[in-house]
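Chemist: run37.pdb is the file, holding PDB, C-alpha atoms:
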```pdb
ATOM      1  CA  MET A  30      -0.076 -72.052   8.503
ATOM      2  CA  ILE A  31      -1.452 -74.047  11.419
ATOM      3  CA  SER A  32       1.656 -73.280  13.488
ATOM      4  CA  ASN A  33       1.107 -69.535  12.866
ATOM      5  CA  MET A  34      -2.521 -69.781  14.008
ATOM      6  CA  LEU A  35      -1.449 -71.749  17.095
ATOM      7  CA  ALA A  36       1.187 -69.130  17.963
ATOM      8  CA  VAL A  37      -1.370 -66.317  17.591
ATOM      9  CA  SER A  38      -3.885 -68.041  19.861
ATOM     10  CA  VAL A  39      -1.213 -68.784  22.499
ATOM     11  CA  GLY A  40      -0.070 -65.141  22.351
ATOM     12  CA  MET A  41      -3.655 -63.916  22.750
ATOM     13  CA  GLY A  42      -4.096 -66.284  25.699
ATOM     14  CA  LEU A  43      -1.006 -64.865  27.397
ATOM     15  CA  GLU A  44      -2.221 -61.297  26.844
ATOM     16  CA  LEU A  45      -5.654 -62.187  28.216
ATOM     17  CA  GLY A  46      -4.100 -63.921  31.234
ATOM     18  CA  PHE A  47      -1.849 -60.948  31.932
ATOM     19  CA  SER A  48      -4.830 -58.569  31.699
ATOM     20  CA  MET A  49      -6.820 -60.715  34.148
ATOM     21  CA  ILE A  50      -3.938 -60.829  36.633
ATOM     22  CA  LEU A  51      -3.408 -57.068  36.358
ATOM     23  CA  THR A  52      -7.143 -56.391  36.888
ATOM     24  CA  ILE A  53      -7.351 -58.668  39.932
ATOM     25  CA  ALA A  54      -4.176 -57.145  41.433
ATOM     26  CA  THR A  55      -5.601 -53.628  40.943
ATOM     27  CA  ILE A  56      -8.886 -54.561  42.645
ATOM     28  CA  ILE A  57      -7.043 -56.140  45.599
ATOM     29  CA  ALA A  58      -4.717 -53.115  45.989
ATOM     30  CA  PHE A  59      -7.628 -50.670  45.830
ATOM     31  CA  THR A  60      -9.614 -52.671  48.411
ATOM     32  CA  ILE A  61      -6.646 -52.694  50.785
ATOM     33  CA  LEU A  62      -6.103 -48.935  50.400
ATOM     34  CA  VAL A  63      -9.788 -48.081  50.885
ATOM     35  CA  SER A  64     -10.222 -50.248  53.965
ATOM     36  CA  ARG A  65      -7.245 -48.773  55.844
ATOM     37  CA  LYS A  66      -8.127 -46.781  58.932
ATOM     38  CA  PRO A  67      -7.681 -42.997  58.726
ATOM     39  CA  ILE A  68      -4.782 -41.346  60.552
ATOM     40  CA  ILE A  69      -6.003 -38.497  62.759
ATOM     41  CA  GLN A  70      -3.460 -35.855  63.746
ATOM     42  CA  ILE A  71      -4.218 -32.980  66.093
ATOM     43  CA  PHE A  72      -2.232 -29.770  65.781
ATOM     44  CA  PRO A  73      -2.698 -26.342  67.399
ATOM     45  CA  ASP A  74      -4.105 -24.977  64.114
ATOM     46  CA  GLY A  75      -6.567 -27.799  63.486
ATOM     47  CA  ILE A  76      -7.294 -31.464  62.949
ATOM     48  CA  TYR A  77      -5.819 -33.328  59.983
ATOM     49  CA  ILE A  78      -7.372 -36.595  58.856
ATOM     50  CA  LYS A  79      -5.226 -38.567  56.435
ATOM     51  CA  ASP A  80      -7.183 -41.049  54.390
ATOM     52  CA  PHE A  81      -6.695 -42.486  50.904
ATOM     53  CA  LEU A  82     -10.087 -41.424  49.503
ATOM     54  CA  TYR A  83     -11.469 -38.916  52.042
ATOM     55  CA  PRO A  84      -8.734 -36.708  53.547
ATOM     56  CA  SER A  85      -9.865 -33.716  55.616
ATOM     57  CA  MET A  86      -8.363 -30.663  57.201
ATOM     58  CA  ILE A  87     -10.523 -29.067  59.882
ATOM     59  CA  PRO A  88      -9.045 -25.672  60.816
ATOM     60  CA  ASN A  89      -9.534 -24.387  64.366
ATOM     61  CA  ASP A  90     -11.228 -21.223  63.174
ATOM     62  CA  SER A  91     -14.099 -23.293  61.773
ATOM     63  CA  ILE A  92     -14.722 -25.633  64.745
ATOM     64  CA  LYS A  93     -17.811 -24.626  66.715
ATOM     65  CA  SER A  94     -18.031 -27.631  69.065
ATOM     66  CA  ILE A  95     -16.443 -30.964  69.905
ATOM     67  CA  LYS A  96     -18.573 -33.422  71.878
ATOM     68  CA  GLN A  97     -18.371 -37.030  72.886
ATOM     69  CA  VAL A  98     -21.730 -38.643  72.132
ATOM     70  CA  TYR A  99     -22.993 -42.138  72.882
ATOM     71  CA  GLY A 100     -25.450 -42.487  70.023
ATOM     72  CA  MET A 101     -25.141 -41.889  66.310
ATOM     73  CA  PRO A 102     -27.944 -40.192  64.402
ATOM     74  CA  LYS A 103     -29.548 -42.429  61.811
ATOM     75  CA  VAL A 104     -27.644 -42.535  58.533
ATOM     76  CA  THR A 105     -30.201 -42.174  55.762
ATOM     77  CA  MET A 106     -27.955 -42.354  52.698
ATOM     78  CA  ARG A 107     -24.340 -42.820  51.655
ATOM     79  CA  SER A 108     -23.740 -40.011  49.172
ATOM     80  CA  ASN A 109     -20.020 -40.574  48.532
ATOM     81  CA  GLY A 110     -18.503 -42.929  51.012
ATOM     82  CA  TYR A 111     -17.247 -46.356  51.868
ATOM     83  CA  GLY A 112     -19.498 -48.538  53.982
ATOM     84  CA  GLY A 113     -17.962 -51.830  54.996
ATOM     85  CA  ALA A 114     -19.142 -54.267  57.645
ATOM     86  CA  PHE A 115     -17.778 -52.116  60.464
ATOM     87  CA  MET A 116     -15.906 -49.182  58.929
ATOM     88  CA  TRP A 117     -17.756 -46.229  57.418
ATOM     89  CA  LYS A 118     -15.912 -43.267  55.975
ATOM     90  CA  GLY A 119     -16.767 -40.517  53.575
ATOM     91  CA  PHE A 120     -19.851 -38.399  52.976
ATOM     92  CA  PHE A 121     -23.220 -39.539  54.317
ATOM     93  CA  ARG A 122     -26.662 -38.041  54.854
ATOM     94  CA  ILE A 123     -27.818 -37.962  58.461
ATOM     95  CA  LYS A 124     -31.436 -37.838  59.613
ATOM     96  CA  ASP A 125     -32.570 -34.351  60.705
ATOM     97  CA  TYR A 126     -29.383 -32.750  59.366
ATOM     98  CA  ARG A 127     -29.797 -30.839  56.122
ATOM     99  CA  LYS A 128     -26.187 -30.998  54.975
ATOM    100  CA  ARG A 129     -23.929 -33.952  54.476
ATOM    101  CA  ALA A 130     -21.946 -35.397  57.368
ATOM    102  CA  VAL A 131     -18.399 -36.675  57.106
ATOM    103  CA  LEU A 132     -17.881 -39.992  58.880
ATOM    104  CA  TYR A 133     -14.631 -41.616  59.957
ATOM    105  CA  LEU A 134     -15.923 -44.586  61.912
ATOM    106  CA  GLU A 135     -13.742 -47.613  62.512
ATOM    107  CA  ASN A 136     -16.670 -49.377  64.141
ATOM    108  CA  HIS A 137     -20.068 -47.774  63.581
ATOM    109  CA  TYR A 138     -21.641 -50.167  66.108
ATOM    110  CA  LYS A 139     -19.468 -49.118  69.086
ATOM    111  CA  ALA A 140     -20.033 -45.920  71.058
ATOM    112  CA  PRO A 141     -18.718 -43.401  71.941
ATOM    113  CA  PHE A 142     -18.387 -41.143  68.928
ATOM    114  CA  ILE A 143     -16.699 -37.762  68.607
ATOM    115  CA  GLU A 144     -19.009 -35.179  67.049
ATOM    116  CA  ILE A 145     -17.284 -32.132  65.545
ATOM    117  CA  GLN A 146     -19.560 -29.323  64.398
ATOM    118  CA  THR A 147     -17.894 -26.819  62.083
ATOM    119  CA  THR A 148     -19.186 -23.776  60.257
ATOM    120  CA  GLN A 149     -19.533 -25.939  57.128
ATOM    121  CA  ASP A 150     -19.839 -29.627  58.035
ATOM    122  CA  LEU A 151     -20.611 -32.154  60.730
ATOM    123  CA  TYR A 152     -17.990 -34.833  61.454
ATOM    124  CA  PHE A 153     -18.320 -38.092  63.376
ATOM    125  CA  ILE A 154     -15.179 -39.991  64.368
ATOM    126  CA  ASN A 155     -14.537 -43.089  66.408
ATOM    127  CA  CYS A 156     -11.752 -45.597  66.884
ATOM    128  CA  LYS A 157     -11.723 -49.355  67.126
ATOM    129  CA  SER A 158     -12.174 -49.338  70.901
ATOM    130  CA  PRO A 159     -14.106 -46.978  73.216
ATOM    131  CA  GLU A 160     -10.906 -46.296  75.171
ATOM    132  CA  GLN A 161      -9.083 -45.089  72.045
ATOM    133  CA  THR A 162     -12.021 -42.858  71.119
ATOM    134  CA  THR A 163     -12.087 -41.311  74.611
ATOM    135  CA  GLN A 164      -8.324 -40.755  74.497
ATOM    136  CA  LEU A 165      -8.619 -39.042  71.092
ATOM    137  CA  PHE A 166     -11.484 -36.877  72.384
ATOM    138  CA  ASP A 167      -9.425 -35.813  75.427
ATOM    139  CA  GLU A 168      -6.493 -34.921  73.169
ATOM    140  CA  MET A 169      -8.779 -32.858  70.903
ATOM    141  CA  ASN A 170     -10.252 -31.008  73.878
ATOM    142  CA  ALA A 171      -6.785 -30.224  75.234
ATOM    143  CA  THR A 172      -5.328 -29.020  71.929
ATOM    144  CA  VAL A 173      -8.081 -27.546  69.755
ATOM    145  CA  LYS A 174      -9.275 -24.018  70.493
ATOM    146  CA  LEU A 175     -12.930 -23.589  69.543
ATOM    147  CA  VAL A 176     -13.990 -20.617  67.476
ATOM    148  CA  ASP A 177     -15.807 -17.812  69.280
ATOM    149  CA  GLU A 178     -19.216 -17.879  67.575
ATOM    150  CA  SER A 179     -19.772 -14.179  68.227
ATOM    151  CA  ARG A 180     -16.778 -13.461  65.955
ATOM    152  CA  LEU A 181     -17.982 -15.615  63.088
ATOM    153  CA  VAL A 182     -18.818 -13.681  59.950
ATOM    154  CA  ASP A 183     -22.210 -14.582  58.614
ATOM    155  CA  MET A 184     -21.344 -16.030  55.214
ATOM    156  CA  LYS A 185     -24.626 -14.949  53.636
ATOM    157  CA  THR A 186     -24.109 -11.331  54.706
ATOM    158  CA  ALA A 187     -20.530 -11.352  53.409
ATOM    159  CA  SER A 188     -21.714 -12.779  50.090
ATOM    160  CA  GLN A 189     -24.441 -10.132  49.820
ATOM    161  CA  LYS A 190     -21.896  -7.379  50.501
ATOM    162  CA  ARG A 191     -19.619  -8.748  47.784
ATOM    163  CA  SER A 192     -22.534  -8.832  45.350
ATOM    164  CA  ILE A 193     -23.414  -5.211  46.113
ATOM    165  CA  VAL A 194     -19.801  -4.139  45.551
ATOM    166  CA  VAL A 195     -19.689  -5.966  42.216
ATOM    167  CA  VAL A 196     -22.918  -4.289  41.066
ATOM    168  CA  VAL A 197     -21.699  -0.815  42.125
ATOM    169  CA  VAL A 198     -18.375  -1.296  40.313
ATOM    170  CA  PHE A 199     -20.204  -2.553  37.219
ATOM    171  CA  ILE A 200     -22.522   0.490  37.214
ATOM    172  CA  ALA A 201     -19.548   2.810  37.716
ATOM    173  CA  VAL A 202     -17.722   1.256  34.774
ATOM    174  CA  LEU A 203     -20.808   1.786  32.610
ATOM    175  CA  LEU A 204     -21.295   5.399  33.753
ATOM    176  CA  ILE A 205     -17.718   6.620  33.327
ATOM    177  CA  PRO A 206     -17.671   6.592  29.518
ATOM    178  CA  SER A 207     -21.261   7.686  28.972
ATOM    179  CA  VAL A 208     -21.833  10.322  31.666
ATOM    180  CA  ILE A 209     -18.657  11.449  33.410
ATOM    181  CA  ILE A 210     -16.370  11.874  30.389
ATOM    182  CA  PRO A 211     -18.863  14.127  28.480
ATOM    183  CA  LEU A 212     -19.287  16.235  31.647
ATOM    184  CA  LEU A 213     -15.553  16.685  31.936
ATOM    185  CA  LEU A 214     -15.157  17.606  28.248
ATOM    186  CA  SER A 215     -17.882  20.248  28.251
TER     187      SER A 215
END
```
Show this structure as structure tokens.
Modeler:
Amino acid sequence: MISNMLAVSVGMGLELGFSMILTIATIIAFTILVSRKPIIQIFPDGIYIKDFLYPSMIPNDSIKSIKQVYGMPKVTMRSNGYGGAFMWKGFFRIKDYRKRAVLYLENHYKAPFIEIQTTQDLYFINCKSPEQTTQLFDEMNATVKLVDESRLVDMKTASQKRSIVVVVVFIAVLLIPSVIIPLLLS
């Protein structure tokens, strides 16, 4: 009887030890994956940012401006992002900007920063060194074609037009059985 109880407690200890090791290994793996720097690729059709938690695709037809800036606006809140000692990435709130900003900063203390304004979001990117950031900015300027703002469709107007079409179709569907069919039959 005592040997059975001893075997059960040893077995439970092994299970508990295995669970602890598995939990610690998962936390270490996740920390390593999250703290990896994003891979930024520039193609003629846009900018691709490969990241474990916060990947982005910024198509050319949405990019309004790309600037190299030497000061970051004040970050007021991290809404869904990773904020380490130096690296910040993910979605943050920026002072005097009503929408969220997407940050890919390898060192948020070191200028310069690349500011990309799109029709939807604001992006800030920098690399570990100022020279790498400047090189990335030059490559973006040489490759990315900015959208002509005069050709942008106002999203609110397009949405209003869609709503009007939906209402007209709905009214037409209601009128066909009740008004048009009796007119045709008489």
Chemist: Determine, counting all atoms listed in the file, which protein, DNA and RNA residues have an atom within 9 Å of an atom of A:Leu134; residues of the same chain fewer than 3 positions away are not included. Present the result as number ranges by chain.
Modeler: A: 66-67, 115-118, 137, 142, 153-157
Chemist: Which is closer to A:Ile145 than all the others in A:Arg122, A:Arg129, A:Lys93, A:Lys103, using all atoms listed in the file?
Modeler: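 Closest candidate: A:Lys93.
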Chemist: What does the structure give for the distance between atom CA of A:Lys96 and atom CA of A:Phe166, in Å to one decimal?
Modeler: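 Going from atom CA of A:Lys96 over to atom CA of A:Phe166, I get 7.9 Å.
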Chemist: Calculate how many Å separate atom CA of A:Thr163 from atom CA of A:Ser91, rounding to one decimal.
Modeler: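 Separation between atom CA of A:Thr163 and atom CA of A:Ser91: 22.2 Å.
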Chemist: Report the residues retrieved by the PyMOL selection byres ((chain A and resi 70) around 12) from the displayed file, expressed as a list of chain:residue names.
Modeler: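 What the PyMOL selection byres ((chain A and resi 70) around 12) grabs from the file is A:Pro67, A:Ile68, A:Ile69, A:Ile71, A:Phe72, A:Pro73, A:Asp74, A:Gly75, A:Ile76, A:Tyr77, A:Ile78, A:Lys79, A:Asp80, A:Pro84, A:Ser85, A:Met86, A:Ile87, A:Pro88, A:Leu165, A:Phe166, A:Glu168, A:Met169, A:Thr172, A:Val173.
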Chemist: Hey, can you check how far atom CA of A:Ile143 sits from atom CA of A:Ile123?
Modeler: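 If I compute the distance from atom CA of A:Ile143 to atom CA of A:Ile123, I get 15.1 Å.
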Chemist: Step by step, work through what the PyMOL selection byres ((chain A and resi 49-64) around 8) selects in the shown file, and finish by giving those residues as a list in words.
Modeler: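 Those residues are Leu45, Gly46, Phe47, Ser48, Arg65, Lys66, Phe81, Leu82, Tyr111, Gly113 and Met116 of chain A.
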Chemist: Could the residues in this selection be saved with C-alpha atoms as a PDB file, in the coordinates of the input?
Modeler:
```
ATOM      1  CA  LEU A  45      -5.654 -62.187  28.216  1.00  0.00           C
ATOM      2  CA  GLY A  46      -4.100 -63.921  31.234  1.00  0.00           C
ATOM      3  CA  PHE A  47      -1.849 -60.948  31.932  1.00  0.00           C
ATOM      4  CA  SER A  48      -4.830 -58.569  31.699  1.00  0.00           C
ATOM      5  CA  ARG A  65      -7.245 -48.773  55.844  1.00  0.00           C
ATOM      6  CA  LYS A  66      -8.127 -46.781  58.932  1.00  0.00           C
ATOM      7  CA  PHE A  81      -6.695 -42.486  50.904  1.00  0.00           C
ATOM      8  CA  LEU A  82     -10.087 -41.424  49.503  1.00  0.00           C
ATOM      9  CA  TYR A 111     -17.247 -46.356  51.868  1.00  0.00           C
ATOM     10  CA  GLY A 113     -17.962 -51.830  54.996  1.00  0.00           C
ATOM     11  CA  MET A 116     -15.906 -49.182  58.929  1.00  0.00           C
TER      12      MET A 116
END
```
Chemist: Could you expand the PyMOL selection byres ((chain A and resi 140) around 9) into the explicit residues it covers here, written as a ChimeraX atom specification?
Modeler: /A:98-101,136-139,141-142,155,158-159,162
Chemist: Could you check which of A:Gln97, A:Asn109, A:Gln146, A:Asn170 is closest to A:Tyr126, using all atoms listed in the file?
Modeler: A:Gln146
Chemist: For A:Tyr152, which residue among A:Asp167, A:Gly110, A:Lys174, A:Phe121 is the nearest when counting all atoms listed in the file?
Modeler: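 Among the listed residues, the smallest separation from A:Tyr152 belongs to A:Phe121.
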Chemist: So, counting all atoms listed in the file, which residue among A:Lys128, A:Ile193, A:Ser108, A:Gln164 is closest to A:Thr148?
Modeler: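 Answer, going by the shortest atom-to-atom distance: A:Lys128.
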